[in-house]
file model30.cif (mmCIF, C-alpha atoms)
data_query
loop_
_atom_site.label_atom_id
_atom_site.label_comp_id
_atom_site.auth_asym_id
_atom_site.auth_seq_id
_atom_site.Cartn_x
_atom_site.Cartn_y
_atom_site.Cartn_z
CA MET P 1 135.91 141.34 83.77
CA ILE P 2 132.37 141.80 82.44
CA LEU P 3 131.26 143.48 85.67
CA ARG P 4 134.16 145.94 85.39
CA ARG P 5 133.23 146.77 81.79
CA LEU P 6 129.58 147.26 82.82
CA VAL P 7 130.56 149.67 85.61
CA THR P 8 132.80 151.61 83.23
CA ALA P 9 130.06 151.76 80.59
CA PHE P 10 127.51 153.00 83.15
CA ARG P 11 129.89 155.76 84.22
CA LYS P 12 130.41 156.77 80.61
CA GLN P 13 126.68 156.31 79.89
CA ASP P 14 127.66 154.04 77.03
CA TRP P 15 124.29 152.37 76.83
CA PHE P 16 125.11 150.27 73.80
CA THR P 17 128.00 148.63 75.64
CA VAL P 18 125.79 148.16 78.70
CA PHE P 19 123.20 146.41 76.53
CA VAL P 20 125.75 144.17 74.83
CA GLU P 21 127.50 143.19 78.06
CA THR P 22 124.13 142.53 79.76
CA MET P 23 123.02 140.30 76.90
CA ILE P 24 126.28 138.37 77.11
CA VAL P 25 125.65 137.71 80.81
CA VAL P 26 122.01 136.71 80.22
CA PHE P 27 122.94 134.47 77.31
CA GLY P 28 125.69 132.84 79.33
CA VAL P 29 123.33 132.14 82.22
CA PHE P 30 120.71 130.77 79.80
CA ILE P 31 123.21 128.44 78.13
CA GLY P 32 124.43 127.26 81.54
CA LEU P 33 120.89 126.48 82.67
CA GLN P 34 120.13 124.66 79.43
CA VAL P 35 123.25 122.53 79.80
CA ASN P 36 122.31 121.71 83.40
CA ASN P 37 118.76 120.81 82.35
CA TRP P 38 120.07 118.65 79.53
CA ASN P 39 122.44 116.83 81.87
CA ALA P 40 119.65 116.35 84.43
CA ALA P 41 117.29 115.00 81.74
CA ARG P 42 119.96 112.64 80.45
CA GLY P 43 120.55 111.45 84.02
CA ASP P 44 116.81 110.90 84.50
CA ARG P 45 116.63 108.83 81.30
CA ALA P 46 119.49 106.66 82.48
CA ASP P 47 117.87 106.30 85.91
CA GLU P 48 114.52 105.44 84.30
CA ARG P 49 116.09 102.69 82.20
CA ASN P 50 117.93 101.33 85.21
CA PHE P 51 114.68 101.36 87.21
CA LEU P 52 112.74 99.50 84.52
CA GLU P 53 115.48 96.87 84.20
CA ARG P 54 115.30 96.31 87.97
CA LEU P 55 111.50 96.38 87.99
CA HIS P 56 111.02 93.57 85.47
CA PRO P 57 112.68 90.83 87.59
CA ASP P 58 110.76 92.17 90.62
CA ILE P 59 107.50 91.56 88.74
CA VAL P 60 108.58 88.07 87.68
CA ARG P 61 109.49 87.21 91.29
CA VAL P 62 106.09 88.40 92.57
CA GLU P 63 104.29 86.37 89.90
CA GLN P 64 106.34 83.25 90.57
CA SER P 65 106.04 83.53 94.34
CA SER P 66 102.27 83.07 94.19
CA ALA P 67 101.67 81.48 90.79
CA ARG P 68 100.52 78.05 91.90
CA VAL P 69 98.39 79.24 94.81
CA ARG P 70 96.97 82.11 92.75
CA VAL P 71 95.69 79.75 90.05
CA ARG P 72 94.28 77.44 92.71
CA ARG P 73 92.47 80.25 94.55
CA ILE P 74 90.92 81.63 91.36
CA ALA P 75 89.76 78.19 90.16
CA GLN P 76 88.31 77.31 93.56
CA ILE P 77 85.30 79.61 93.27
CA ASP P 78 83.84 77.52 90.42
CA TYR P 79 84.16 74.30 92.44
CA LEU P 80 82.77 76.04 95.51
CA ARG P 81 79.71 77.28 93.61
CA SER P 82 78.97 73.93 91.97
CA GLY P 83 79.58 72.17 95.29
CA ALA P 84 77.15 74.49 97.03
CA GLU P 85 74.53 73.68 94.40
CA VAL P 86 74.89 69.98 95.27
CA ILE P 87 74.79 70.59 99.02
CA PHE P 88 71.69 72.80 98.77
CA GLY P 89 69.94 70.39 96.40
CA VAL P 90 70.00 72.67 93.35
CA ALA P 91 72.06 70.22 91.29
CA GLU P 92 70.71 66.75 90.67
CA ARG P 93 73.57 64.99 92.41
CA ASP P 94 74.03 63.54 95.86
CA GLU P 95 77.83 63.45 95.90
CA LEU P 96 80.53 66.06 95.55
CA THR P 97 83.44 65.64 93.19
CA PRO P 98 86.89 65.55 94.88
CA GLN P 99 87.51 69.10 93.65
CA GLU P 100 84.18 70.35 95.03
CA CYS P 101 84.71 68.62 98.36
CA LEU P 102 88.19 70.15 98.63
CA ALA P 103 86.81 73.59 97.75
CA VAL P 104 84.21 73.34 100.51
CA ALA P 105 86.77 72.07 103.01
CA THR P 106 89.21 74.90 102.24
CA SER P 107 86.71 77.69 101.58
CA HIS P 108 88.16 79.62 104.55
CA TYR P 109 91.66 79.64 103.01
CA PHE P 110 92.46 83.21 101.90
CA ASN P 111 96.22 83.11 102.29
CA ILE P 112 98.39 83.95 99.29
CA ASN P 113 101.79 85.62 98.96
CA VAL P 114 100.97 89.28 98.20
CA LEU P 115 104.14 91.30 97.66
CA ASN P 116 105.00 94.91 96.93
CA LEU P 117 107.47 95.67 94.15
CA PRO P 118 110.72 96.65 95.97
CA SER P 119 112.03 98.87 93.17
CA VAL P 120 108.73 100.82 93.10
CA VAL P 121 108.73 101.29 96.87
CA GLU P 122 112.32 102.55 96.69
CA LEU P 123 111.46 105.00 93.89
CA GLU P 124 108.41 106.30 95.79
CA ASN P 125 110.43 106.76 98.99
CA ALA P 126 113.02 108.74 97.03
CA GLY P 127 110.26 110.92 95.53
CA ARG P 128 111.41 110.13 91.98
CA VAL P 129 108.34 108.54 90.43
CA SER P 130 108.31 111.42 87.94
CA ILE P 131 111.34 109.98 86.07
CA ILE P 132 108.91 107.47 84.49
CA ARG P 133 107.85 109.24 81.30
CA ASP P 134 105.14 106.73 80.37
CA THR P 135 102.06 108.16 82.11
CA GLU P 136 100.16 104.89 81.69
CA LEU P 137 102.93 102.91 83.37
CA ARG P 138 103.37 105.45 86.14
CA THR P 139 99.65 105.34 86.92
CA ALA P 140 99.62 101.53 86.76
CA LEU P 141 102.46 101.31 89.30
CA VAL P 142 100.67 103.60 91.75
CA ASP P 143 97.46 101.62 91.24
CA TYR P 144 99.31 98.36 91.85
CA GLU P 145 100.61 99.50 95.23
CA GLN P 146 97.06 100.53 96.17
CA ARG P 147 95.75 97.14 95.04
CA VAL P 148 98.31 95.41 97.24
CA GLN P 149 97.19 97.34 100.31
CA THR P 150 93.50 96.72 99.55
CA PHE P 151 94.12 93.01 98.99
CA LYS P 152 96.07 92.65 102.23
CA ILE P 153 93.15 94.20 104.11
CA ARG P 154 90.66 91.93 102.33
CA GLN P 155 92.88 88.91 102.94
CA GLY P 156 93.02 89.63 106.64
CA ASP P 157 89.27 90.13 106.97
CA GLN P 158 87.77 86.70 107.54
CA SER P 159 84.94 87.85 109.79
CA LEU P 160 82.34 86.07 107.63
CA SER P 161 84.47 83.00 106.91
CA ASN P 162 83.91 79.77 108.81
CA ASN P 163 86.33 76.91 109.34
CA LEU P 164 84.01 74.12 108.19
CA LEU P 165 86.57 71.49 109.17
CA MET P 166 86.20 72.48 112.81
CA LEU P 167 82.49 73.40 112.73
CA ASN P 168 81.44 69.77 112.28
CA PRO P 169 84.41 67.40 111.79
CA GLN P 170 82.09 64.51 110.96
CA LEU P 171 80.78 66.22 107.84
CA VAL P 172 84.16 67.12 106.33
CA LYS P 173 87.02 64.78 107.13
CA VAL P 174 90.52 65.39 105.78
CA THR P 175 93.62 63.24 105.46
CA PRO P 176 97.07 64.73 104.77
CA VAL P 177 98.89 63.27 101.78
CA PHE P 178 102.13 64.16 100.05
CA ASP P 179 101.80 65.03 96.37
CA SER P 180 105.11 63.96 94.83
CA GLU P 181 104.29 65.70 91.54
CA LEU P 182 103.76 69.08 93.21
CA GLY P 183 106.32 68.39 95.90
CA GLU P 184 104.02 69.52 98.71
CA MET P 185 101.54 68.27 101.29
CA GLN P 186 97.93 68.18 100.14
CA THR P 187 94.60 67.65 101.88
CA LEU P 188 92.49 64.68 100.86
CA PRO P 189 88.91 65.50 101.97
CA GLU P 190 85.83 63.34 102.44
CA CYS P 191 82.42 65.05 102.43
CA ASP P 192 79.14 63.73 103.85
CA VAL P 193 76.55 65.50 101.70
CA ALA P 194 73.52 63.88 103.38
CA GLY P 195 74.82 64.95 106.80
CA MET P 196 75.49 68.47 105.54
CA ARG P 197 71.94 68.81 104.24
CA ALA P 198 70.59 67.82 107.64
CA ASP P 199 72.68 70.38 109.55
CA GLN P 200 71.21 73.87 109.15
CA ALA P 201 74.07 75.53 111.01
CA PHE P 202 76.50 73.91 108.58
CA LEU P 203 74.41 75.03 105.59
CA ASN P 204 74.40 78.59 106.92
CA ALA P 205 78.18 78.46 107.31
CA VAL P 206 78.64 77.17 103.74
CA ALA P 207 76.48 80.03 102.43
CA GLU P 208 78.52 82.58 104.39
CA ASN P 209 81.78 81.10 103.10
CA LEU P 210 80.61 81.26 99.51
CA ASP P 211 79.70 84.92 99.90
CA ALA P 212 82.96 85.74 101.71
CA TYR P 213 85.10 83.91 99.16
CA ASP P 214 83.32 85.60 96.26
CA ALA P 215 84.03 89.01 97.84
CA TYR P 216 87.66 87.99 98.46
CA LEU P 217 88.09 87.26 94.75
CA ARG P 218 86.04 90.20 93.45
CA ASP P 219 87.50 92.90 95.70
CA GLY P 220 90.96 91.52 96.40
CA LEU P 221 92.63 88.74 94.46
CA LEU P 222 91.29 89.34 90.94
CA PRO P 223 91.93 93.13 90.85
CA TRP P 224 95.44 92.59 92.26
CA ASP P 225 96.15 89.79 89.78
CA ALA P 226 94.89 91.88 86.84
CA GLN P 227 96.90 94.93 87.91
CA LEU P 228 100.07 92.86 88.25
CA ALA P 229 99.56 91.54 84.71
CA GLU P 230 98.96 95.07 83.42
CA VAL P 231 102.15 96.38 85.03
CA HIS P 232 104.08 93.47 83.52
CA ARG P 233 102.64 94.25 80.07
CA LEU P 234 103.56 97.93 80.27
CA VAL P 235 107.09 97.24 81.51
CA ASP P 236 107.58 94.69 78.72
CA ARG P 237 106.46 97.34 76.25
CA ALA P 238 108.84 99.94 77.67
CA LEU P 239 111.79 97.53 77.55
CA GLY P 240 110.85 95.93 74.25
CA ILE P 241 110.52 92.48 75.84
CA MET P 242 108.51 89.79 74.09
CA HIS P 243 107.61 86.72 76.17
CA GLU P 244 106.79 83.40 74.57
CA GLY P 245 103.12 83.37 73.61
CA THR P 246 102.80 87.18 73.70
CA PRO P 247 100.85 88.40 70.63
#
call {"tool": "encode", "arguments": {"input": "model30.cif", "output": "structure tokens"}}
result
Amino acid sequence: MILRRLVTAFRKQDWFTVFVETMIVVFGVFIGLQVNNWNAARGDRADERNFLERLHPDIVRVEQSSARVRVRRIAQIDYLRSGAEVIFGVAERDELTPQECLAVATSHYFNINVLNLPSVVELENAGRVSIIRDTELRTALVDYEQRVQTFKIRQGDQSLSNNLLMLNPQLVKVTPVFDSELGEMQTLPECDVAGMRADQAFLNAVAENLDAYDAYLRDGLLPWDAQLAEVHRLVDRALGIMHEGTP
């Protein structure tokens, strides 16, 4: 109908009618585009909310899957350092505490459950990361996935880590015991400090393990752990979630 009126107006050189009919077409197209954009934006907001509500339990699962081991791995460096001071004669003690002995015995243990966030991987694969309006959260999610990959590489690199239990079994003896409180098998170690001090190869291996474990924490576990906590904080903020103990 409009096209017919435009053709007729052109033939009659009725430029006012041509202008009016053209503006009607342009305005109609503009309104249609605006409605489509509005619907798309509303859909994105709904998708964003749905994503965040799926992401939060993903984060909780990742935290819970490694919580106990994560705390143990982080705490171990302090026992390993103080134990090394005893072994190398820096500290004025000739015996290791049970915690220090265990840290030395397990200083080659890097394993921990490092997981991606499934909802984030799905969003990235779909190319829809842009639906997250919070720039800080969007950046934190990308950084988290990079931290995971870096940590997995660091976790798999044990080139400078020595299995002290096998290097000299007489210096570090272990007995398996079941911890009923934790509901898991534990290692009960026994360390011969005098024998360790007399074995230079063993001392060298302890020094290498301390350096390797420190790098594992500094470049892998701690950055990943901190980034996971930051993502959790930002998602809580976006959803208005307050956990017990949160300021």
call {"tool": "atom_distance", "arguments": {"input": "model30.cif", "atom1": "CA of Ser66 (chain P)", "atom2": "CA of Pro223 (chain P)"}}
result
14.8 Å
call {"tool": "resolve_selection", "arguments": {"input": "model30.cif", "expression": "the PyMOL selection byres ((chain P and resi 186) around 12)", "output": "PyMOL selection string"}}
result
chain P and resi 102+106+174-185+187-189
call {"tool": "residues_around", "arguments": {"input": "model30.cif", "residues": "Asn111 (chain P)", "least_positions_apart": "4", "cutoff": "9 Å", "atoms": "all atoms listed in the file", "output": "list in words"}}
result
Val69, Gln155 and Gly156 of chain P
call {"tool": "write_last_selection", "arguments": {"input": "model30.cif", "atoms": "C-alpha atoms", "output": "short mmCIF file (atom, residue, chain, number, x, y, z; two decimals), in the coordinates of the input"}}
result
data_model
loop_
_atom_site.label_atom_id
_atom_site.label_comp_id
_atom_site.auth_asym_id
_atom_site.auth_seq_id
_atom_site.Cartn_x
_atom_site.Cartn_y
_atom_site.Cartn_z
CA VAL P 69 98.39 79.24 94.81
CA GLN P 155 92.88 88.91 102.94
CA GLY P 156 93.02 89.63 106.64
#
call {"tool": "closest_residue", "arguments": {"input": "model30.cif", "among": "P:Ile59, P:Leu164, P:Val129, P:Ile112", "to": "Arg72 (chain P)", "atoms": "only C-alpha atoms"}}
result
P:Ile112
call {"tool": "closest_residue", "arguments": {"input": "model30.cif", "among": "P:Glu136, P:Glu145, P:Asp225, P:Asp78", "to": "Cys101 (chain P)", "atoms": "only C-alpha atoms"}}
result
P:Asp78
call {"tool": "resolve_selection", "arguments": {"input": "model30.cif", "expression": "the PyMOL selection byres ((chain P and resi 123) around 12)", "output": "list of chain:residue names"}}
result
P:Asp47, P:Glu48, P:Asn50, P:Phe51, P:Leu52, P:Arg54, P:Leu55, P:Leu117, P:Pro118, P:Ser119, P:Val120, P:Val121, P:Glu122, P:Glu124, P:Asn125, P:Ala126, P:Gly127, P:Arg128, P:Val129, P:Ser130, P:Ile131, P:Ile132, P:Arg138, P:Leu141, P:Val142
call {"tool": "atom_distance", "arguments": {"input": "model30.cif", "atom1": "CA of Leu167 (chain P)", "atom2": "CA of Gln200 (chain P)"}}
result
11.8 Å
call {"tool": "atom_distance", "arguments": {"input": "model30.cif", "atom1": "CA of Ala75 (chain P)", "atom2": "CA of Arg197 (chain P)"}}
result
24.6 Å
call {"tool": "residues_around", "arguments": {"input": "model30.cif", "residues": "Val62 (chain P)", "least_positions_apart": "6", "cutoff": "9 Å", "atoms": "only C-alpha atoms", "output": "JSON, numbers by chain"}}
result
{"P": [113, 114, 115, 116, 117, 228]}
call {"tool": "residues_near_point", "arguments": {"input": "model30.cif", "point": "(89.1, 84.4, 87.0)", "cutoff": "12 Å", "atoms": "only C-alpha atoms", "output": "PyMOL selection string"}}
result
chain P and resi 70-78+214+217-218+220-226
call {"tool": "residues_around", "arguments": {"input": "model30.cif", "residues": "Gln170 (chain P)", "least_positions_apart": "6", "cutoff": "12 Å", "atoms": "all atoms listed in the file", "output": "list in words"}}
result
Ala105, Leu164, Pro189, Glu190, Cys191, Asp192, Val193, Ala194, Gly195, Met196, Asp199 and Phe202 of chain P
call {"tool": "write_last_selection", "arguments": {"input": "model30.cif", "atoms": "C-alpha atoms", "output": "PDB file, in the coordinates of the input"}}
result
ATOM      1  CA  ALA P 105      86.770  72.070 103.010  1.00  0.00           C
ATOM      2  CA  LEU P 164      84.010  74.120 108.190  1.00  0.00           C
ATOM      3  CA  PRO P 189      88.910  65.500 101.970  1.00  0.00           C
ATOM      4  CA  GLU P 190      85.830  63.340 102.440  1.00  0.00           C
ATOM      5  CA  CYS P 191      82.420  65.050 102.430  1.00  0.00           C
ATOM      6  CA  ASP P 192      79.140  63.730 103.850  1.00  0.00           C
ATOM      7  CA  VAL P 193      76.550  65.500 101.700  1.00  0.00           C
ATOM      8  CA  ALA P 194      73.520  63.880 103.380  1.00  0.00           C
ATOM      9  CA  GLY P 195      74.820  64.950 106.800  1.00  0.00           C
ATOM     10  CA  MET P 196      75.490  68.470 105.540  1.00  0.00           C
ATOM     11  CA  ASP P 199      72.680  70.380 109.550  1.00  0.00           C
ATOM     12  CA  PHE P 202      76.500  73.910 108.580  1.00  0.00           C
TER      13      PHE P 202
END
call {"tool": "closest_residue", "arguments": {"input": "model30.cif", "among": "P:Glu208, P:Asp157, P:Glu85, P:Glu92", "to": "Phe110 (chain P)", "atoms": "all atoms listed in the file"}}
result
P:Asp157
call {"tool": "residues_near_point", "arguments": {"input": "model30.cif", "point": "(80.7, 76.8, 112.3)", "cutoff": "10 Å", "atoms": "all atoms listed in the file", "output": "JSON, numbers by chain"}}
result
{"P": [161, 162, 163, 164, 165, 166, 167, 168, 201, 202, 203, 204, 205, 206]}
call {"tool": "closest_residue", "arguments": {"input": "model30.cif", "among": "P:Arg81, P:Lys152, P:His56, P:His108", "to": "Asp236 (chain P)", "atoms": "all atoms listed in the file"}}
result
P:His56
call {"tool": "closest_residue", "arguments": {"input": "model30.cif", "among": "P:Val104, P:Leu80, P:Met242, P:Ala91", "to": "Lys173 (chain P)", "atoms": "only C-alpha atoms"}}
result
P:Val104
